[in-house]
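S.K.: Quick one, data08.cif (mmCIF, C-alpha atoms):
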```
data_coords
#
loop_
_atom_site.label_atom_id
_atom_site.label_comp_id
_atom_site.auth_asym_id
_atom_site.auth_seq_id
_atom_site.Cartn_x
_atom_site.Cartn_y
_atom_site.Cartn_z
CA MET A 957 -10.82 21.30 -9.01
CA PRO A 958 -10.95 19.18 -12.20
CA CYS A 959 -9.82 15.56 -12.44
CA SER A 960 -6.01 15.39 -12.37
CA LYS A 961 -6.04 12.72 -15.08
CA CYS A 962 -8.58 13.79 -17.71
CA GLY A 963 -9.73 17.28 -16.69
CA GLU A 964 -13.36 16.29 -16.03
CA LYS A 965 -15.01 18.99 -13.92
CA ASN A 966 -16.97 16.65 -11.65
CA THR A 967 -14.76 14.80 -9.18
CA ILE A 968 -15.67 12.24 -6.53
CA ARG A 969 -14.46 11.19 -3.09
CA ALA A 970 -11.47 9.18 -4.29
CA HIS A 971 -9.93 6.90 -1.69
CA LEU A 972 -6.19 7.32 -1.26
CA ILE A 973 -5.94 4.04 0.61
CA PRO A 974 -8.34 1.85 -1.40
CA GLN A 975 -11.48 1.04 0.56
CA VAL A 976 -11.06 -2.67 -0.15
CA PHE A 977 -7.88 -2.57 1.95
CA CYS A 978 -9.32 -0.29 4.64
CA LYS A 979 -12.04 -2.84 5.36
CA GLU A 980 -9.41 -5.48 6.13
CA VAL A 981 -8.25 -3.61 9.23
CA GLN A 982 -11.68 -2.28 10.19
CA THR A 983 -12.59 -2.45 13.88
CA GLY A 984 -16.31 -2.49 14.52
CA LYS A 985 -17.87 0.08 12.20
CA SER A 986 -14.77 2.28 12.00
CA HIS A 987 -11.03 2.08 11.88
CA ALA A 988 -8.19 4.40 12.84
CA THR A 989 -6.38 6.15 10.03
CA ALA A 990 -2.88 7.36 10.88
CA VAL A 991 -1.90 10.30 8.70
CA LYS A 992 0.85 12.35 10.30
CA THR A 993 4.26 11.32 11.60
CA ASP A 994 3.20 12.16 15.16
CA GLY A 995 0.72 9.27 15.04
CA SER A 996 -2.39 11.46 15.06
CA PHE A 997 -5.48 9.74 13.66
CA HIS A 998 -9.19 10.04 13.16
CA PRO A 999 -11.82 7.27 13.25
CA THR A 1000 -13.53 6.82 9.90
CA GLN A 1001 -15.86 4.33 8.25
CA SER A 1002 -14.53 4.82 4.74
CA GLY A 1003 -10.81 5.58 5.06
CA THR A 1004 -8.92 8.65 3.90
CA PHE A 1005 -10.21 10.18 0.69
CA ASP A 1006 -9.66 13.30 -1.39
CA LYS A 1007 -12.67 14.74 -3.22
CA ASN A 1008 -10.62 17.02 -5.47
CA ILE A 1009 -8.33 14.74 -7.49
CA LEU A 1010 -10.22 12.22 -9.66
CA CYS A 1011 -13.45 11.75 -11.55
CA ALA A 1012 -15.49 8.55 -11.29
CA THR A 1013 -14.14 7.09 -14.55
CA CYS A 1014 -10.45 7.59 -13.74
CA ASP A 1015 -10.90 6.48 -10.15
CA GLY A 1016 -12.64 3.37 -11.47
CA GLU A 1017 -9.67 2.52 -13.70
CA LEU A 1018 -7.35 2.51 -10.70
CA GLY A 1019 -10.02 0.75 -8.65
CA ARG A 1020 -9.95 -2.30 -10.91
CA LEU A 1021 -6.22 -2.67 -10.29
CA GLU A 1022 -6.80 -2.23 -6.56
CA GLU A 1023 -9.44 -4.96 -6.50
CA TYR A 1024 -7.09 -7.32 -8.33
CA ALA A 1025 -4.22 -6.57 -5.94
CA ALA A 1026 -6.51 -7.13 -2.94
CA ILE A 1027 -7.40 -10.62 -4.22
CA VAL A 1028 -3.75 -11.48 -4.90
CA PHE A 1029 -2.62 -10.23 -1.49
CA ALA A 1030 -5.41 -12.14 0.27
CA ASN A 1031 -4.33 -15.34 -1.51
CA ILE A 1032 -0.73 -14.70 -0.49
CA ARG A 1033 -1.80 -14.32 3.14
CA LYS A 1034 -3.70 -17.62 3.04
CA GLY A 1035 -0.83 -19.35 1.24
CA SER A 1036 1.72 -18.16 3.79
CA ILE A 1037 0.20 -19.97 6.79
CA ASN A 1038 2.56 -22.44 8.48
CA ARG A 1039 5.38 -21.79 6.02
CA GLY A 1040 8.96 -21.01 6.91
CA PHE A 1041 10.43 -17.58 6.33
CA GLY A 1042 12.17 -16.84 3.06
CA ILE A 1043 11.34 -16.40 -0.63
CA LYS A 1044 8.03 -17.88 -1.81
CA GLU A 1045 6.40 -18.11 -5.25
CA CYS A 1046 2.86 -17.59 -6.58
CA HIS A 1047 1.73 -18.94 -9.94
CA GLY A 1048 -0.61 -17.40 -12.48
CA ILE A 1049 -0.36 -13.82 -11.22
CA ASP A 1050 -0.41 -10.86 -13.62
CA LYS A 1051 2.64 -9.05 -12.29
CA ASP A 1052 2.07 -6.09 -14.59
CA LYS A 1053 -1.23 -5.39 -12.83
CA ILE A 1054 0.51 -5.39 -9.44
CA LEU A 1055 3.19 -3.03 -10.76
CA ARG A 1056 0.56 -0.69 -12.21
CA PHE A 1057 -1.43 -0.89 -8.97
CA CYS A 1058 1.64 0.28 -7.04
CA ALA A 1059 2.16 3.09 -9.55
CA GLY A 1060 -1.45 4.16 -9.03
CA ILE A 1061 -1.08 4.34 -5.25
CA LEU A 1062 2.05 6.48 -5.56
CA TRP A 1063 0.51 8.77 -8.17
CA LYS A 1064 -2.63 9.41 -6.11
CA TYR A 1065 -0.49 10.39 -3.13
CA SER A 1066 1.58 12.68 -5.34
CA ILE A 1067 -1.50 14.73 -6.33
CA THR A 1068 -3.22 14.96 -2.95
CA SER A 1069 -2.65 17.66 -0.33
CA GLU A 1070 -0.10 17.77 2.46
CA GLU A 1071 -2.72 17.02 5.11
CA TYR A 1072 -3.35 13.61 3.54
CA GLY A 1073 0.31 12.65 3.24
CA LYS A 1074 1.36 14.05 -0.14
CA ILE A 1075 4.58 12.56 -1.53
CA ASP A 1076 6.96 13.90 -4.19
CA LEU A 1077 7.59 11.81 -7.30
CA TYR A 1078 9.88 14.51 -8.68
CA SER A 1079 10.43 14.31 -12.46
CA TYR A 1080 8.83 10.84 -12.63
CA GLN A 1081 5.27 11.87 -11.75
CA ASP A 1082 3.91 11.97 -15.30
CA GLU A 1083 5.53 8.68 -16.32
CA ILE A 1084 4.25 6.97 -13.17
CA LYS A 1085 0.75 8.23 -14.00
CA LYS A 1086 1.08 6.69 -17.47
CA ILE A 1087 2.26 3.40 -15.94
CA ALA A 1088 -0.74 3.37 -13.60
CA PHE A 1089 -3.25 3.94 -16.40
CA GLY A 1090 -1.62 1.51 -18.82
CA GLU A 1091 -0.62 4.20 -21.29
CA ILE A 1092 2.99 3.00 -21.61
CA GLU A 1093 4.94 -0.21 -21.21
CA ILE A 1094 6.37 -0.61 -17.73
CA PRO A 1095 9.94 0.73 -17.89
CA SER A 1096 12.86 -1.19 -16.39
CA TRP A 1097 13.50 1.55 -13.83
CA PHE A 1098 10.10 1.00 -12.16
CA ASP A 1099 10.11 -2.06 -9.91
CA VAL A 1100 8.49 -3.47 -6.78
CA ALA A 1101 9.49 -5.95 -4.08
CA LEU A 1102 6.72 -7.51 -1.95
CA VAL A 1103 7.18 -8.63 1.65
CA ARG A 1104 4.53 -10.51 3.65
CA LEU A 1105 4.86 -9.90 7.39
CA LEU A 1106 3.73 -12.64 9.79
CA ILE A 1107 2.90 -12.07 13.46
CA HIS A 1108 2.71 -15.85 14.03
CA LYS A 1109 2.84 -18.98 11.86
CA GLN A 1110 -0.93 -19.19 11.33
CA ASP A 1111 -1.36 -15.48 10.68
CA ASP A 1112 -3.57 -14.63 7.69
CA GLU A 1113 -4.77 -11.26 9.01
CA VAL A 1114 -3.92 -7.62 8.35
CA PHE A 1115 -2.73 -5.66 11.40
CA ALA A 1116 -2.31 -2.25 9.78
CA TYR A 1117 -2.05 -0.29 6.59
CA ARG A 1118 0.39 2.47 5.86
CA ALA A 1119 0.45 5.30 3.34
CA PRO A 1120 3.51 5.75 1.09
CA LEU A 1121 6.68 7.16 2.57
CA ASN A 1122 9.78 8.45 0.81
CA LEU A 1123 12.97 6.52 1.48
CA LYS A 1124 16.52 6.92 0.24
CA LYS A 1125 18.89 3.98 -0.14
CA GLN A 1126 22.25 4.12 -1.92
CA ASN A 1127 21.32 7.65 -3.01
CA VAL A 1128 18.25 6.23 -4.81
CA ARG A 1129 14.71 7.36 -3.93
CA LEU A 1130 12.35 4.55 -2.96
CA TYR A 1131 8.78 4.46 -1.67
CA ASN A 1132 7.37 2.16 0.96
CA PHE A 1133 3.73 1.44 1.77
CA MET A 1134 1.76 -1.40 3.33
CA LEU A 1135 -1.60 -2.70 2.12
CA GLY A 1136 -3.32 -6.05 2.45
CA GLY A 1137 -0.66 -7.31 4.83
CA MET A 1138 2.04 -6.73 2.21
CA VAL A 1139 4.87 -4.23 2.38
CA CYS A 1140 5.40 -2.79 -1.10
CA LEU A 1141 8.91 -1.42 -1.66
CA VAL A 1142 8.84 0.59 -4.88
CA LYS A 1143 11.79 1.81 -6.94
CA ALA A 1144 10.73 4.68 -9.18
CA ASN A 1145 14.08 6.01 -10.29
CA LYS A 1146 16.45 5.46 -13.21
CA LYS A 1147 19.48 5.22 -10.94
CA LYS A 1148 20.80 1.70 -10.46
CA MET A 1149 20.98 0.17 -7.00
CA ASN A 1150 21.90 -3.11 -5.36
CA PHE A 1151 18.83 -4.62 -3.69
CA GLY A 1152 20.83 -7.44 -2.10
CA ASP A 1153 20.52 -11.19 -2.60
CA GLU A 1154 16.96 -11.69 -1.33
CA LEU A 1155 15.18 -8.60 -2.63
CA SER A 1156 16.81 -8.79 -6.06
CA LYS A 1157 15.24 -12.24 -6.50
CA ILE A 1158 11.69 -11.04 -5.80
CA LEU A 1159 11.55 -7.90 -7.95
CA LEU A 1160 8.39 -8.04 -10.04
CA ASN A 1161 9.72 -6.40 -13.21
CA GLN A 1162 11.63 -9.47 -14.37
CA GLU A 1163 10.87 -12.81 -15.99
CA GLY A 1164 9.19 -15.60 -14.04
CA GLU A 1165 6.39 -16.05 -11.54
CA LEU A 1166 5.56 -13.62 -8.75
CA ARG A 1167 7.91 -14.03 -5.82
CA TYR A 1168 7.66 -12.45 -2.40
CA LEU A 1169 9.58 -12.53 0.87
CA LEU A 1170 7.95 -14.05 3.95
CA ALA A 1171 9.34 -12.36 7.07
CA PRO A 1172 8.50 -11.95 10.79
CA ALA A 1173 6.45 -8.85 11.51
CA GLU A 1174 8.50 -8.06 14.61
CA VAL A 1175 11.43 -6.86 12.49
CA SER A 1176 9.33 -4.31 10.60
CA GLU A 1177 8.80 -0.67 11.41
CA GLU A 1178 5.12 -1.02 10.43
CA TYR A 1179 4.49 -3.56 13.19
CA ARG A 1180 6.50 -1.69 15.82
CA LEU A 1181 4.71 1.57 15.09
CA SER A 1182 1.21 0.08 15.10
CA LYS A 1183 1.91 -1.75 18.36
CA GLN A 1184 3.44 1.35 19.91
CA LEU A 1185 0.44 3.46 18.88
CA ALA A 1186 -2.01 0.98 20.37
CA ASN A 1187 -0.07 0.75 23.64
CA GLU A 1188 0.96 4.38 24.15
CA SER A 1189 -1.74 6.57 22.59
CA SER A 1190 -4.57 7.10 25.06
CA ARG A 1191 -6.85 8.41 22.29
CA LEU A 1192 -6.22 5.43 20.04
CA SER A 1193 -6.48 2.94 22.91
CA ALA A 1194 -9.77 4.47 24.02
CA PHE A 1195 -11.09 4.33 20.46
CA LEU A 1196 -10.11 0.67 20.02
CA ASP A 1197 -11.50 -0.25 23.45
CA LYS A 1198 -14.80 1.40 22.54
CA GLN A 1199 -14.98 -0.60 19.30
CA ASP A 1200 -14.17 -3.85 21.16
CA THR A 1201 -17.00 -3.13 23.61
CA THR A 1202 -19.40 -2.57 20.72
CA ILE A 1203 -18.37 -5.84 19.05
CA ASN A 1204 -18.80 -7.88 22.26
CA ARG A 1205 -22.33 -6.65 22.99
#
```
Could you rewrite the structure in this file as structure tokens?

M.R.:
Amino acid sequence: MPCSKCGEKNTIRAHLIPQVFCKEVQTGKSHATAVKTDGSFHPTQSGTFDKNILCATCDGELGRLEEYAAIVFANIRKGSINRGFGIKECHGIDKDKILRFCAGILWKYSITSEEYGKIDLYSYQDEIKKIAFGEIEIPSWFDVALVRLLIHKQDDEVFAYRAPLNLKKQNVRLYNFMLGGMVCLVKANKKKMNFGDELSKILLNQEGELRYLLAPAEVSEEYRLSKQLANESSRLSAFLDKQDTTINR
């Protein structure tokens, strides 16, 4: 199949979850990639990729945004150590790049196949593609709230990553994914909604510095699911135990 962006015939193995983020949760030489809602996974050294959606040039455009987001998220993790929960601020961040990065993640998952976790962007797919590739100004209806989840006060690690999921709040479609230790809650809909006192203050598509919410991981579904998988799945536990044994040799 040709590139979904430019029509180039030659496509590459394009990572759906950027490899720079996959490496952060890597165990030994592999890591477990959860794809389906039943928690099924497969060990992989490179993460989930689709070889039928993007050419090298278009994948590289999104890759530059992904590299930038990875650096920003890593700095947020380091800057969140020993800080109390609540709203925090980062200075000198290009928020537009983070917004376009989030658009790129959603768009890639909207053009992949069902087996890799395809999502539906409905009538917004083309506009979100244009946001991702910098072809249009970022519209007011596209916004992102970032939440850093801490397992303990000195936590600067990444315990899991999660592919985008469709959500619906106040009859508005949202998307939720987790990369680099940050939960990204994305609004990609022209309908208005009330985000509440805290989230409304950290939305990226507004004036001011980048703000994010620092919260305990225990309250998040991402943490509960990853912990439950590790504890209850014999296949996943055996895989992780095998990697631990390899590391300790």

S.K.: Up to 9 Å from (2.5, -7.0, 3.9) in the file's coordinates: name the residues, counting all atoms listed in the file, as a VMD selection string.

M.R.: chain A and resid 1029 1033 1102 to 1106 1114 1116 to 1117 1133 to 1140 1170 1173

S.K.: Report, in Å to a single decimal, how far apart atom CA of Glu980 of chain A and atom CA of Ile1094 of chain A are.

M.R.: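 Straight-line distance from atom CA of Ile1094 of chain A to atom CA of Glu980 of chain A works out to 29.0 Å.
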
S.K.: Using all atoms listed in the file, can you list as a list of chain:residue names the residues within 7 Å of (-10.0, -3.2, -4.3)?

M.R.: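 Residues satisfying the cut-off, written out: A:Pro974, A:Gln975, A:Val976, A:Phe977, A:Gly1019, A:Arg1020, A:Glu1022, A:Glu1023, A:Tyr1024, A:Ala1025, A:Ala1026.
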
S.K.: Find, counting all atoms listed in the file, the residue in A:Cys978, A:Ala1030, A:Leu1121, A:Val1128 that gets nearest to Lys1147 of chain A.

M.R.: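 Nearest candidate to Lys1147 of chain A out of A:Cys978, A:Ala1030, A:Leu1121, A:Val1128: A:Val1128.
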
S.K.: Identify which of the residues A:Met1149, A:Cys1014, A:Ile1107, A:Ala1101 lies closest to Lys1124 of chain A, counting only C-alpha atoms when measuring atom-to-atom distances.

M.R.: A:Met1149

S.K.: Which distance in Å separates atom CA of Lys1053 of chain A and atom CA of Gly1090 of chain A, to one decimal?

M.R.: 9.1 Å

S.K.: Carefully work through the PyMOL selection byres ((chain A and resi 1078-1084) around 9) for this structure and note down the residues it includes, as a count of residues only.

M.R.: 17

S.K.: Which one of A:Ile1043, A:Leu1141, A:Ile1054, A:Ile1067 sits closest to Lys1157 of chain A if you count all atoms listed in the file?

M.R.: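 Smallest separation from Lys1157 of chain A among the options: A:Ile1043.
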
S.K.: If we count all atoms listed in the file, what is near Ile1061 of chain A at a cut-off of 8 Å, once residues fewer than 6 positions away on the same chain are taken out, given as a list of chain:residue names?

M.R.: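 In the requested form, the answer reads A:Leu972, A:Ile973, A:Pro1120.
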
S.K.: Atom CA of Gly1152 of chain A and atom CA of Glu1174 of chain A are how many Å apart?

M.R.: 20.8 Å

S.K.: I'd like the contact shell of Gln1162 of chain A - 10 Å cut-off, all atoms listed in the file, skipping same-chain residues fewer than 5 positions apart - returned as a list in words.

M.R.: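 Neighbouring residues, sequence-local ones excluded: Lys1051, Ser1096, Asp1099, Ser1156 and Lys1157 of chain A.
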
S.K.: Check the smallest atom-to-atom distance from each of A:Tyr1168, A:Trp1097, A:Phe1057, A:Tyr1065 to Asn1122 of chain A using all atoms listed in the file, then report the winner.

M.R.: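 Comparing A:Tyr1168, A:Trp1097, A:Phe1057, A:Tyr1065 against Asn1122 of chain A, the winner is A:Tyr1065.
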
S.K.: May I ask which of the residues A:Ile1075, A:Ala970, A:Asp1111, A:Pro1095 is the closest one to Arg1129 of chain A, counting all atoms listed in the file?

M.R.: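 Nearest to Arg1129 of chain A: A:Ile1075.
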
S.K.: As a check of understanding, name the residues that the PyMOL selection byres ((chain A and resi 1049) around 8) selects in the supplied structure, as a PyMOL selection string.

M.R.: chain A and resi 1028+1046-1048+1050-1051+1165-1166
